[in-house]
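Working notes, beginning with the structure itself.
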Amino acid sequence: MTGKPLWGDRGLSPHCEHVHNVRMKMRALEERTGVHREVIRVYLREGLIPQPERPRRTVAVYGEEHVQAIAAIKRLQRESRLTLGQIKSLIAGEGADARVDASAFDQLEQLVAHRSGNDDPPVSIATLVERYPHAEEDARTLARVGLLDILSGDGGDSLSISSAQLVRIWGEMRQHGFDEHLAYSPDVLSFYIEAADFVGRREATSFLERTDGKIDAAKAASMIEHALPLMLDFFGLLRQRAFFRHFDAIRKRPLAD
């Protein structure tokens, strides 16, 4: 396979955000997954799961990313009856030989993350503080209101790629004056949760109604990969127009209102 594995070289899958990244040897990986080591070695040779860390040449160390990757392969085999060759094609973005049922869409988030390059390892909060002094404080505030999850591990607290980007964005907002001086805190963003959930649910429903059973997971991933940034721009322009429309209306109201 020419591309990198679906679950990244050493990165966590998006579904690992609530799991400590425990490191383990092959025996423990077998016990966690119920898959024999020879089968796991086949997955490694085929590039279906990440390569292990090798602190020494004769030592291989595995993590939660391997557990999640093996679980995803087993589910695709069991529920969608895909062969390893078909799964490998999905990972490479080539599509399976035949249409797959809806259960194959369960791995869609991982596939999109791989194709868009967002399946990198978690970002240490300490590294964010170097550029954004309030990053740790902001991350904990955003976690408290439900906008992100903080990952705990031996190396300290960290964030997924998308969660780290939320902290960076608020850090940039701070630098432009959105801070405690004007009573701005990241918790003002909590109203986005309901709005994002509403829009995301409508978009997901619309997409599934039109694609379920008609295209395979690789095609769906390709469509979403390109559509999401475009729709973010589209929605951003609508929000901008709404902001100035309401800004003018609110500014012109009598103070008593």
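Convention: chains lettered A, B, ... in structure tokens order; per-chain residue numbering from 1; ligands numbered from 1 as shown.
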field: Residue list (strand (DSSP E or B), DSSP) for range 60-242 of chain A, as a VMD selection string
entry: chain A and resid 60 to 62 123 to 124 151 158 to 159
Written selection (N, CA, C and O atoms) as an mmCIF file, in the first residue's frame:
data_model
loop_
_atom_site.group_PDB
_atom_site.id
_atom_site.type_symbol
_atom_site.label_atom_id
_atom_site.label_comp_id
_atom_site.auth_asym_id
_atom_site.auth_seq_id
_atom_site.Cartn_x
_atom_site.Cartn_y
_atom_site.Cartn_z
ATOM 1 N N ALA A 60 8.757 -4.447 20.665
ATOM 2 C CA ALA A 60 7.658 -3.753 19.988
ATOM 3 C C ALA A 60 6.605 -3.386 21.025
ATOM 4 O O ALA A 60 6.204 -4.230 21.831
ATOM 5 N N VAL A 61 6.160 -2.129 21.009
ATOM 6 C CA VAL A 61 5.191 -1.644 21.985
ATOM 7 C C VAL A 61 3.957 -1.140 21.236
ATOM 8 O O VAL A 61 4.055 -0.366 20.287
ATOM 9 N N TYR A 62 2.793 -1.595 21.690
ATOM 10 C CA TYR A 62 1.530 -1.248 21.046
ATOM 11 C C TYR A 62 0.690 -0.374 21.983
ATOM 12 O O TYR A 62 0.959 -0.286 23.180
ATOM 13 N N VAL A 123 -2.120 16.377 20.899
ATOM 14 C CA VAL A 123 -1.245 17.531 21.098
ATOM 15 C C VAL A 123 -1.130 17.821 22.588
ATOM 16 O O VAL A 123 -2.145 17.967 23.280
ATOM 17 N N SER A 124 0.082 17.906 23.101
ATOM 18 C CA SER A 124 0.296 18.208 24.512
ATOM 19 C C SER A 124 -0.157 19.643 24.813
ATOM 20 O O SER A 124 0.158 20.574 24.080
ATOM 21 N N LEU A 151 -7.350 14.628 27.337
ATOM 22 C CA LEU A 151 -6.809 13.286 27.439
ATOM 23 C C LEU A 151 -5.698 13.267 28.480
ATOM 24 O O LEU A 151 -4.795 14.101 28.427
ATOM 25 N N SER A 158 -3.306 16.156 27.267
ATOM 26 C CA SER A 158 -3.205 16.485 25.851
ATOM 27 C C SER A 158 -4.589 16.602 25.255
ATOM 28 O O SER A 158 -5.601 16.337 25.912
ATOM 29 N N LEU A 159 -4.640 16.996 23.973
ATOM 30 C CA LEU A 159 -5.899 17.213 23.261
ATOM 31 C C LEU A 159 -5.828 16.548 21.900
ATOM 32 O O LEU A 159 -4.753 16.424 21.310
#
task: Within range 36-247 of chain A, find each residue whose DSSP state, derived from the backbone, is helix (DSSP H, G or I), and express the selection as a ChimeraX atom specification.
output: /A:37-45,64-80,84-92,102-115,125-129,135-144,161-175,180-182,186-211,217-247
I need the chosen residues saved as a compact mmCIF listing (two decimals), in the first residue's frame, with C-alpha atoms.
# COMPACT_ATOMS: atom_id res chain seq x y z
CA ARG A 37 -0.47 -12.62 17.10
CA GLU A 38 0.03 -14.21 13.69
CA VAL A 39 -3.14 -12.52 12.42
CA ILE A 40 -1.98 -9.22 13.93
CA ARG A 41 1.32 -9.63 12.07
CA VAL A 42 -0.65 -10.05 8.84
CA TYR A 43 -2.44 -6.76 9.58
CA LEU A 44 0.95 -5.12 10.11
CA ARG A 45 2.44 -6.50 6.89
CA GLU A 64 -4.88 1.93 22.18
CA GLU A 65 -4.60 2.95 18.52
CA HIS A 66 -3.82 -0.69 17.69
CA VAL A 67 -6.74 -1.98 19.78
CA GLN A 68 -9.13 0.39 18.00
CA ALA A 69 -7.72 -0.41 14.55
CA ILE A 70 -8.04 -4.18 15.06
CA ALA A 71 -11.58 -3.76 16.41
CA ALA A 72 -12.52 -1.75 13.30
CA ILE A 73 -11.09 -4.44 10.99
CA LYS A 74 -12.98 -7.20 12.82
CA ARG A 75 -16.21 -5.23 12.60
CA LEU A 76 -15.82 -4.60 8.87
CA GLN A 77 -15.13 -8.29 8.36
CA ARG A 78 -18.02 -9.44 10.54
CA GLU A 79 -20.79 -6.99 9.68
CA SER A 80 -19.89 -5.99 6.13
CA LEU A 84 -8.70 -7.83 4.02
CA GLY A 85 -8.06 -6.84 0.41
CA GLN A 86 -11.27 -4.80 0.30
CA ILE A 87 -10.47 -3.15 3.65
CA LYS A 88 -7.01 -2.32 2.33
CA SER A 89 -8.61 -0.71 -0.74
CA LEU A 90 -10.89 1.37 1.49
CA ILE A 91 -7.90 2.57 3.48
CA ALA A 92 -6.08 3.49 0.27
CA ALA A 102 -24.49 0.71 6.21
CA SER A 103 -22.31 -0.82 8.93
CA ALA A 104 -19.20 -0.01 6.88
CA PHE A 105 -20.07 3.65 7.41
CA ASP A 106 -19.26 3.12 11.10
CA GLN A 107 -15.60 3.65 10.22
CA LEU A 108 -16.29 6.76 8.13
CA GLU A 109 -14.93 9.26 10.66
CA GLN A 110 -11.62 7.39 10.85
CA LEU A 111 -11.41 7.17 7.07
CA VAL A 112 -12.08 10.90 6.60
CA ALA A 113 -9.52 11.72 9.32
CA HIS A 114 -6.89 9.67 7.49
CA ARG A 115 -7.64 11.15 4.07
CA ILE A 125 -1.34 21.15 26.28
CA ALA A 126 2.11 22.17 27.51
CA THR A 127 3.22 22.80 23.92
CA LEU A 128 0.20 25.05 23.33
CA VAL A 129 1.07 27.14 26.40
CA ALA A 135 -4.08 27.58 26.77
CA GLU A 136 -4.38 25.28 29.79
CA GLU A 137 -6.95 27.51 31.47
CA ASP A 138 -8.92 27.83 28.22
CA ALA A 139 -8.78 24.08 27.54
CA ARG A 140 -10.22 23.30 30.97
CA THR A 141 -12.96 25.89 30.54
CA LEU A 142 -13.90 24.50 27.13
CA ALA A 143 -13.89 20.98 28.60
CA ARG A 144 -16.14 22.08 31.47
CA ILE A 161 -6.09 17.56 16.85
CA SER A 162 -9.52 19.21 16.54
CA SER A 163 -9.70 20.06 20.26
CA ALA A 164 -6.23 21.63 20.13
CA GLN A 165 -7.37 23.73 17.20
CA LEU A 166 -10.31 25.04 19.27
CA VAL A 167 -7.86 26.17 21.96
CA ARG A 168 -5.61 27.78 19.35
CA ILE A 169 -8.57 29.65 17.85
CA TRP A 170 -9.55 31.06 21.23
CA GLY A 171 -5.92 31.94 21.85
CA GLU A 172 -5.96 34.01 18.66
CA MET A 173 -9.24 35.63 19.80
CA ARG A 174 -7.55 36.62 23.05
CA GLN A 175 -4.72 38.25 21.14
CA GLU A 180 -11.45 39.07 30.61
CA HIS A 181 -11.08 42.85 30.23
CA LEU A 182 -14.33 42.74 28.23
CA PRO A 186 -14.21 30.60 26.45
CA ASP A 187 -17.41 29.54 28.22
CA VAL A 188 -19.32 32.10 26.13
CA LEU A 189 -18.88 29.61 23.28
CA SER A 190 -21.13 27.03 24.94
CA PHE A 191 -24.10 28.20 22.87
CA TYR A 192 -22.33 26.76 19.82
CA ILE A 193 -22.91 23.23 21.10
CA GLU A 194 -26.64 23.22 20.43
CA ALA A 195 -26.27 25.07 17.13
CA ALA A 196 -23.52 22.74 15.88
CA ASP A 197 -25.47 19.66 16.97
CA PHE A 198 -28.58 20.86 15.12
CA VAL A 199 -26.71 21.63 11.90
CA GLY A 200 -24.59 18.48 12.08
CA ARG A 201 -27.62 16.27 12.66
CA ARG A 202 -29.48 17.76 9.70
CA GLU A 203 -26.43 17.43 7.45
CA ALA A 204 -25.76 13.82 8.51
CA THR A 205 -29.41 12.87 8.00
CA SER A 206 -29.49 14.47 4.55
CA PHE A 207 -26.26 12.78 3.50
CA LEU A 208 -27.30 9.31 4.67
CA GLU A 209 -30.74 9.58 3.04
CA ARG A 210 -29.06 10.20 -0.30
CA THR A 211 -26.08 7.86 -0.12
CA ALA A 217 -17.45 4.08 2.36
CA ALA A 218 -14.41 5.27 0.40
CA LYS A 219 -16.59 7.32 -1.98
CA ALA A 220 -18.53 8.71 0.98
CA ALA A 221 -15.27 9.68 2.70
CA SER A 222 -14.07 11.44 -0.45
CA MET A 223 -17.31 13.42 -0.72
CA ILE A 224 -17.26 14.42 2.96
CA GLU A 225 -13.57 15.28 2.87
CA HIS A 226 -14.22 17.89 0.18
CA ALA A 227 -17.70 18.98 1.28
CA LEU A 228 -17.04 19.76 4.94
CA PRO A 229 -14.54 22.62 4.32
CA LEU A 230 -16.81 24.05 1.62
CA MET A 231 -19.89 23.92 3.84
CA LEU A 232 -17.93 25.49 6.71
CA ASP A 233 -17.16 28.42 4.39
CA PHE A 234 -20.78 28.50 3.24
CA PHE A 235 -22.13 28.49 6.79
CA GLY A 236 -19.49 31.02 7.84
CA LEU A 237 -20.70 33.49 5.23
CA LEU A 238 -24.31 33.04 6.36
CA ARG A 239 -23.25 33.67 9.98
CA GLN A 240 -21.34 36.78 8.96
CA ARG A 241 -24.36 38.20 7.17
CA ALA A 242 -26.59 37.36 10.15
CA PHE A 243 -24.11 38.93 12.60
CA PHE A 244 -24.09 42.31 10.87
CA ARG A 245 -27.85 42.23 10.32
CA HIS A 246 -28.51 41.64 14.02
CA PHE A 247 -25.69 43.96 15.09
query: Distance CA of Thr83 in chain A-CA of Leu48 in chain A, one decimal place?
result: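 We find that CA of Thr83 in chain A and CA of Leu48 in chain A lie 11.9 Å from each other.
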d(CA of Thr58 in chain A, CA of Arg32 in chain A) in Å: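 Atom-to-atom, CA of Thr58 in chain A and CA of Arg32 in chain A are spaced 21.7 Å apart.
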task: Provide the CA of Glu53 in chain A to CA of Arg27 in chain A distance in Å, to one decimal place.
output: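 Here the two named atoms are 15.1 Å from each other.
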